[in-house]
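Dropping work10.cif in here (mmCIF, C-alpha atoms (C1' of nucleotides)):
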data_my_file
loop_
_atom_site.label_atom_id
_atom_site.label_comp_id
_atom_site.auth_asym_id
_atom_site.auth_seq_id
_atom_site.Cartn_x
_atom_site.Cartn_y
_atom_site.Cartn_z
CA MET P 1 3.85 31.44 25.11
CA PRO P 2 4.82 30.06 21.70
CA THR P 3 2.38 27.97 19.77
CA PRO P 4 2.95 24.26 20.31
CA ASP P 5 4.84 22.45 17.61
CA PRO P 6 2.31 21.30 15.01
CA ALA P 7 4.62 18.55 13.83
CA CYS P 8 3.38 15.02 14.02
CA CYS P 9 6.14 13.95 16.36
CA PRO P 10 9.32 15.16 17.99
CA ALA P 11 12.58 15.14 16.13
CA PHE P 12 14.42 11.90 16.47
CA SER P 13 17.48 10.32 15.01
CA THR P 14 16.82 6.85 13.79
CA HIS P 15 19.28 4.31 12.54
CA VAL P 16 18.20 2.50 9.43
CA MET P 17 19.55 -0.79 8.18
CA SER P 18 21.99 -0.13 5.36
CA GLU P 19 20.99 -0.74 1.76
CA ALA P 20 23.68 -3.40 1.42
CA THR P 21 22.60 -5.36 4.48
CA ALA P 22 18.95 -5.05 3.54
CA THR P 23 19.57 -6.36 0.04
CA GLU P 24 21.60 -9.27 1.32
CA LEU P 25 18.98 -10.20 3.90
CA ALA P 26 16.14 -9.75 1.44
CA ASP P 27 17.82 -12.20 -0.93
CA LEU P 28 17.92 -14.78 1.85
CA PHE P 29 14.29 -14.28 2.74
CA ALA P 30 13.35 -14.42 -0.93
CA GLY P 31 14.97 -17.83 -1.02
CA LEU P 32 12.62 -18.94 1.72
CA ALA P 33 9.57 -17.22 0.25
CA ASP P 34 8.31 -20.13 -1.78
CA PRO P 35 6.21 -23.04 -0.50
CA THR P 36 7.91 -25.63 -2.67
CA ARG P 37 11.31 -24.46 -1.50
CA LEU P 38 10.29 -24.52 2.16
CA ARG P 39 8.92 -28.04 1.85
CA LEU P 40 12.08 -29.07 0.04
CA LEU P 41 14.20 -27.59 2.79
CA SER P 42 12.12 -29.20 5.51
CA LEU P 43 12.58 -32.51 3.75
CA ILE P 44 16.35 -32.15 3.67
CA VAL P 45 16.58 -30.83 7.22
CA ALA P 46 14.67 -33.86 8.46
CA GLU P 47 17.34 -36.26 7.22
CA GLU P 48 21.07 -36.54 7.39
CA GLU P 49 21.20 -36.39 3.62
CA VAL P 50 18.71 -36.82 0.79
CA CYS P 51 19.22 -37.90 -2.80
CA SER P 52 17.76 -35.68 -5.50
CA CYS P 53 15.89 -38.65 -6.85
CA ASN P 54 13.88 -38.74 -3.63
CA LEU P 55 12.69 -35.17 -3.88
CA GLU P 56 10.43 -35.07 -6.91
CA GLU P 57 7.80 -37.48 -5.74
CA PRO P 58 7.02 -36.08 -2.27
CA LEU P 59 7.02 -32.52 -3.61
CA GLY P 60 4.99 -33.19 -6.73
CA ARG P 61 7.16 -31.07 -8.99
CA SER P 62 9.01 -31.88 -12.19
CA GLN P 63 12.71 -32.68 -12.26
CA PRO P 64 13.76 -29.32 -13.76
CA THR P 65 11.73 -27.52 -11.13
CA ILE P 66 13.38 -29.43 -8.30
CA SER P 67 16.78 -28.73 -9.80
CA HIS P 68 15.87 -25.07 -10.05
CA HIS P 69 14.96 -24.89 -6.38
CA THR P 70 17.92 -26.85 -5.08
CA ARG P 71 20.18 -24.50 -7.00
CA ILE P 72 18.61 -21.45 -5.40
CA LEU P 73 18.92 -22.90 -1.90
CA ALA P 74 22.48 -24.00 -2.60
CA ASP P 75 23.48 -20.60 -3.99
CA LEU P 76 22.24 -19.10 -0.74
CA GLY P 77 24.34 -21.58 1.21
CA LEU P 78 21.33 -23.13 2.93
CA ILE P 79 21.93 -26.60 1.53
CA ILE P 80 25.03 -28.33 0.22
CA GLY P 81 25.09 -30.81 -2.62
CA GLU P 82 27.59 -33.56 -3.16
CA ARG P 83 27.78 -35.57 -6.34
CA ARG P 84 28.50 -39.27 -5.86
CA GLY P 85 28.32 -41.17 -9.09
CA ARG P 86 25.20 -40.29 -10.97
CA TRP P 87 23.40 -38.94 -7.96
CA VAL P 88 23.56 -35.73 -5.99
CA TYR P 89 23.06 -35.90 -2.26
CA TRP P 90 21.85 -32.87 -0.35
CA ARG P 91 22.25 -31.92 3.26
CA ALA P 92 21.30 -28.81 5.19
CA ASP P 93 23.78 -26.27 6.43
CA ARG P 94 22.23 -25.89 9.84
CA ALA P 95 24.59 -23.17 10.96
CA ARG P 96 23.67 -21.12 7.93
CA ILE P 97 19.97 -21.61 8.59
CA ALA P 98 20.48 -20.54 12.19
CA SER P 99 22.24 -17.40 10.98
CA VAL P 100 19.11 -16.40 9.09
CA GLN P 101 17.25 -16.76 12.34
CA SER P 102 19.57 -14.42 14.17
CA ALA P 103 19.35 -11.95 11.29
CA LEU P 104 15.84 -11.30 12.50
CA GLN P 105 17.27 -9.40 15.44
CA LEU P 106 16.64 -6.39 13.27
CA ASP P 107 17.67 -3.83 15.84
CA GLU P 108 21.12 -5.32 15.99
CA GLN P 109 21.56 -5.34 12.25
CA VAL P 110 21.36 -1.58 12.12
CA ASN P 111 24.18 0.38 10.60
CA GLN P 112 26.57 -2.48 10.39
CA ARG P 113 29.05 -2.62 7.52
CA MET R 1 25.20 -63.54 -3.62
CA PRO R 2 22.54 -61.14 -4.87
CA THR R 3 23.52 -58.06 -6.82
CA PRO R 4 23.77 -55.02 -4.59
CA ASP R 5 20.82 -52.69 -4.69
CA PRO R 6 21.48 -50.22 -7.50
CA ALA R 7 19.20 -47.67 -5.92
CA CYS R 8 20.68 -44.31 -5.05
CA CYS R 9 19.81 -44.64 -1.40
CA PRO R 10 17.96 -46.75 1.11
CA ALA R 11 14.25 -46.42 1.52
CA PHE R 12 13.32 -43.84 4.08
CA SER R 13 10.17 -42.23 5.34
CA THR R 14 10.47 -38.51 5.43
CA HIS R 15 8.06 -36.03 6.86
CA VAL R 16 7.47 -33.01 4.69
CA MET R 17 6.08 -29.71 5.82
CA SER R 18 2.42 -29.50 4.85
CA GLU R 19 1.35 -27.39 1.90
CA ALA R 20 -0.71 -25.20 4.20
CA THR R 21 2.11 -24.49 6.62
CA ALA R 22 4.55 -23.93 3.79
CA THR R 23 2.29 -21.42 2.08
CA GLU R 24 1.68 -19.56 5.30
CA LEU R 25 5.38 -19.40 6.13
CA ALA R 26 6.31 -18.45 2.57
CA ASP R 27 3.93 -15.50 2.73
CA LEU R 28 5.67 -14.28 5.85
CA PHE R 29 9.12 -14.62 4.30
CA ALA R 30 7.89 -12.92 1.14
CA GLY R 31 6.94 -9.99 3.31
CA LEU R 32 10.52 -9.77 4.49
CA ALA R 33 12.02 -10.37 1.05
CA ASP R 34 12.28 -6.75 0.03
CA PRO R 35 15.09 -4.34 0.95
CA THR R 36 12.84 -1.34 1.34
CA ARG R 37 10.53 -3.30 3.61
CA LEU R 38 13.40 -4.59 5.74
CA ARG R 39 14.79 -1.08 6.16
CA LEU R 40 11.33 0.18 6.98
CA LEU R 41 10.91 -2.54 9.58
CA SER R 42 14.33 -1.88 11.08
CA LEU R 43 13.41 1.77 11.36
CA ILE R 44 10.20 0.99 13.23
CA VAL R 45 11.80 -1.65 15.43
CA ALA R 46 14.45 0.85 16.50
CA GLU R 47 11.87 3.19 18.01
CA GLU R 48 8.91 2.90 20.30
CA GLU R 49 6.72 4.26 17.53
CA VAL R 50 7.28 6.10 14.27
CA CYS R 51 5.02 8.45 12.34
CA SER R 52 4.43 7.69 8.68
CA CYS R 53 5.61 11.16 7.82
CA ASN R 54 9.05 10.25 9.12
CA LEU R 55 9.45 7.23 6.88
CA GLU R 56 9.61 8.64 3.37
CA GLU R 57 12.74 10.70 3.75
CA PRO R 58 15.13 8.13 5.29
CA LEU R 59 13.95 5.43 2.90
CA GLY R 60 13.98 7.56 -0.24
CA ARG R 61 10.67 6.25 -1.51
CA SER R 62 7.48 8.01 -2.51
CA GLN R 63 4.47 8.29 -0.22
CA PRO R 64 2.39 5.72 -2.14
CA THR R 65 5.27 3.28 -2.02
CA ILE R 66 5.70 3.67 1.73
CA SER R 67 1.99 3.23 2.22
CA HIS R 68 2.12 0.10 0.08
CA HIS R 69 4.88 -1.41 2.20
CA THR R 70 3.41 -0.53 5.58
CA ARG R 71 0.19 -2.17 4.45
CA ILE R 72 1.98 -5.39 3.57
CA LEU R 73 3.85 -5.53 6.87
CA ALA R 74 0.66 -4.68 8.76
CA ASP R 75 -1.36 -7.34 6.94
CA LEU R 76 1.27 -9.85 8.04
CA GLY R 77 0.92 -8.62 11.61
CA LEU R 78 4.54 -7.54 11.85
CA ILE R 79 3.70 -3.90 12.53
CA ILE R 80 0.66 -2.20 13.96
CA GLY R 81 -0.64 1.19 12.89
CA GLU R 82 -2.65 3.59 14.97
CA ARG R 83 -4.28 6.67 13.53
CA ARG R 84 -4.14 9.73 15.72
CA GLY R 85 -5.52 12.80 14.01
CA ARG R 86 -4.08 13.13 10.55
CA TRP R 87 -1.13 10.91 11.24
CA VAL R 88 -0.60 7.19 11.51
CA TYR R 89 1.90 5.91 14.05
CA TRP R 90 3.55 2.57 13.58
CA ARG R 91 5.10 0.21 16.07
CA ALA R 92 6.55 -3.26 15.74
CA ASP R 93 4.84 -6.39 17.00
CA ARG R 94 7.95 -7.89 18.52
CA ALA R 95 6.26 -11.11 19.54
CA ARG R 96 5.09 -11.65 16.00
CA ILE R 97 8.58 -11.01 14.65
CA ALA R 98 10.00 -13.49 17.15
CA SER R 99 7.49 -16.07 15.98
CA VAL R 100 8.90 -15.85 12.47
CA GLN R 101 12.28 -16.57 13.99
CA SER R 102 11.08 -19.70 15.67
CA ALA R 103 9.35 -20.78 12.46
CA LEU R 104 12.83 -21.40 11.14
CA GLN R 105 13.02 -24.49 13.34
CA LEU R 106 11.98 -26.29 10.19
CA ASP R 107 12.24 -29.75 11.63
CA GLU R 108 9.64 -28.92 14.23
CA GLN R 109 7.23 -27.46 11.70
CA VAL R 110 6.86 -30.80 10.03
CA ASN R 111 3.41 -32.30 9.69
CA GLN R 112 1.73 -29.95 12.05
CA ARG R 113 -1.91 -29.00 11.42
"C1'" DA X 1 -18.32 25.77 4.13
"C1'" DG X 2 -13.75 25.98 2.40
"C1'" DT X 3 -8.94 25.08 2.54
"C1'" DA X 4 -4.88 22.42 3.70
"C1'" DT X 5 -2.67 18.19 4.23
"C1'" DA X 6 -1.62 13.11 5.57
"C1'" DA X 7 -2.55 8.72 4.01
"C1'" DA X 8 -4.91 5.30 0.93
"C1'" DT X 9 -6.24 3.75 -3.54
"C1'" DC X 10 -6.00 3.40 -8.64
"C1'" DG X 11 -3.73 2.57 -13.01
"C1'" DA X 12 0.21 1.65 -15.56
"C1'" DT X 13 4.81 -0.17 -16.34
"C1'" DG X 14 9.10 -2.66 -16.18
"C1'" DA X 15 11.19 -6.43 -13.77
"C1'" DT X 16 11.32 -10.80 -11.48
"C1'" DT X 17 9.74 -15.49 -10.78
"C1'" DG X 18 7.73 -20.48 -10.66
"C1'" DT X 19 6.74 -23.86 -13.77
"C1'" DC X 20 7.40 -27.33 -17.37
"C1'" DA X 21 8.70 -29.34 -22.11
"C1'" DA X 22 12.67 -29.95 -24.64
"C1'" DT X 23 17.43 -30.42 -24.81
"C1'" DA X 24 22.15 -30.79 -23.12
"C1'" DT X 25 25.63 -32.58 -19.91
"C1'" DG X 26 27.98 -35.98 -17.52
"C1'" DA X 27 28.76 -40.29 -15.36
"C1'" DA X 28 28.05 -45.28 -15.03
"C1'" DA X 29 26.96 -49.73 -17.21
"C1'" DA X 30 26.93 -52.99 -21.04
"C1'" DT E 1 32.05 -47.05 -27.64
"C1'" DT E 2 27.24 -47.25 -27.18
"C1'" DT E 3 23.52 -47.01 -24.23
"C1'" DT E 4 21.29 -45.60 -20.14
"C1'" DC E 5 19.88 -42.49 -16.89
"C1'" DA E 6 20.32 -38.67 -13.11
"C1'" DT E 7 20.86 -33.95 -13.18
"C1'" DA E 8 21.50 -29.26 -15.31
"C1'" DT E 9 20.33 -25.84 -18.61
"C1'" DT E 10 17.45 -23.41 -22.01
"C1'" DG E 11 13.37 -21.17 -23.63
"C1'" DA E 12 8.84 -19.75 -23.06
"C1'" DC E 13 4.78 -18.27 -20.56
"C1'" DA E 14 1.68 -16.73 -17.05
"C1'" DA E 15 1.64 -14.59 -12.70
"C1'" DT E 16 3.30 -11.56 -9.20
"C1'" DC E 17 5.48 -7.39 -7.66
"C1'" DA E 18 7.90 -2.77 -6.68
"C1'" DT E 19 7.44 1.65 -8.08
"C1'" DC E 20 5.43 6.16 -9.04
"C1'" DG E 21 2.03 9.83 -10.89
"C1'" DA E 22 -2.60 10.99 -10.36
"C1'" DT E 23 -6.58 10.85 -7.71
"C1'" DT E 24 -9.47 9.97 -3.73
"C1'" DT E 25 -10.46 9.77 1.16
"C1'" DA E 26 -10.27 11.54 5.63
"C1'" DT E 27 -8.96 14.67 9.22
"C1'" DA E 28 -7.96 19.20 11.10
"C1'" DC E 29 -7.77 24.09 10.92
"C1'" DT E 30 -9.80 28.75 9.70
#

I'd like the structure from this file rewritten - as structure tokens, please.
Amino acid sequence: MPTPDPACCPAFSTHVMSEATATELADLFAGLADPTRLRLLSLIVAEEEVCSCNLEEPLGRSQPTISHHTRILADLGLIIGERRGRWVYWRADRARIASVQSALQLDEQVNQR
Amino acid sequence: MPTPDPACCPAFSTHVMSEATATELADLFAGLADPTRLRLLSLIVAEEEVCSCNLEEPLGRSQPTISHHTRILADLGLIIGERRGRWVYWRADRARIASVQSALQLDEQVNQR
DNA sequence: AGTATAAATCGATGATTGTCAATATGAAAA
DNA sequence: TTTTCATATTGACAATCATCGATTTATACT
């Protein structure tokens, strides 16, 4: 009778999320990994559209900081800005936000691409 | 006839996610905002349980780095580790992961707590 | 007890990030 | 064309973080 396998666990073949997919997803989560940005997003999601000038006061951040955060969310496609005159109006891309949700089905993201 | 309101937009009362909720959620997203951690999580989610010793090779990271990442995911409650002998076996807390998903219903997170 | 080994912790380093003051850009109003 | 003002960009700084080599802790085997 052979000695039992001392290995910690049986051999198994696991599928790992690809580097590319992981990096892409991580960038999205990083965009959501800031309290100010989440509050900003919640503020925009709650309305049909919100003017930039109405963001600074409820968030308690300076104008450059707000601009910084809106840019990050916009670059990720989570919000969309439209300039009308001197003001920029922001609205949420709800489909895009929902797609981040479904990205959390991690077992279905495996080995794609 | 009075001059039209020069304001950028009509007055509105918006609900913003609370600081506390935002910080809590941001911590969770920060945990997911790293490619190595996402691949690690996908690897664990794909199996019933995975031994630590089977994580280093597919992820191409050193043992201290893997330990660092499992700790972060475990502290967030996304994975659960169980020591059996010399080895630690990890499994995903799927309910916890699903709760992060539902946290993305940002409009329902408003003003809670 | 002594050895082997799996995982955790420590210490250091290079990189990224949130923030704001100062400045620039761009569009409307006078 | 000047002036005004909403937004964007720049530069700087403190803080956080991913990573790994070295070491420690803890468990099992002899």

Could you jot down the CA of Cys51 (chain P) to C1' of DA8 (chain E) separation for me, Å, one decimal place?
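Distance reported for this atom pair: 15.4 Å.
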
Starting from the PyMOL selection byres ((chain R) within 8 of (chain E)), expand the selection into actual residues of this file and give them as a list in words.
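This file, filtered by the PyMOL selection byres ((chain R) within 8 of (chain E)), leaves Ser62, Pro64, Thr65, Gly85 and Arg86 of chain R.
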
If the PyMOL selection byres ((chain R) within 7 of (chain P)) is run on the structure shown, which residues does it catch, given as a ChimeraX atom specification?
/R:8-9,14-17,19,22-23,26-27,29-30,32-35,38-39,42-43,45-46,51,87,101,104,106-107

For chain X against chain R, with a cut-off of 9 Å and counting all atoms listed in the file, what is the closest atom pair and its distance in Å to one decimal for every residue that makes the cut, ordered by chain and number, as JSON lines?
{"residue": "X:DT5", "atom": "C1'", "partner": "R:Arg86", "partner_atom": "CA", "distance": 8.2}
{"residue": "X:DA6", "atom": "C1'", "partner": "R:Arg86", "partner_atom": "CA", "distance": 5.6}
{"residue": "X:DA7", "atom": "C1'", "partner": "R:Ser67", "partner_atom": "CA", "distance": 7.3}
{"residue": "X:DA8", "atom": "C1'", "partner": "R:Ser67", "partner_atom": "CA", "distance": 7.3}
{"residue": "X:DT9", "atom": "C1'", "partner": "R:Pro64", "partner_atom": "CA", "distance": 9.0}

Find the distance between CA of Arg96 (chain P) and CA of Gly77 (chain P) and write it in Å to one decimal.
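Interatomic distance, CA of Arg96 (chain P) to CA of Gly77 (chain P): 6.8 Å.
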
Coordinates-based distance that separates CA of Ile80 (chain R) from C1' of DA4 (chain X) (Å, one decimal):
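Separation between C1' of DA4 (chain X) and CA of Ile80 (chain R): 27.2 Å.
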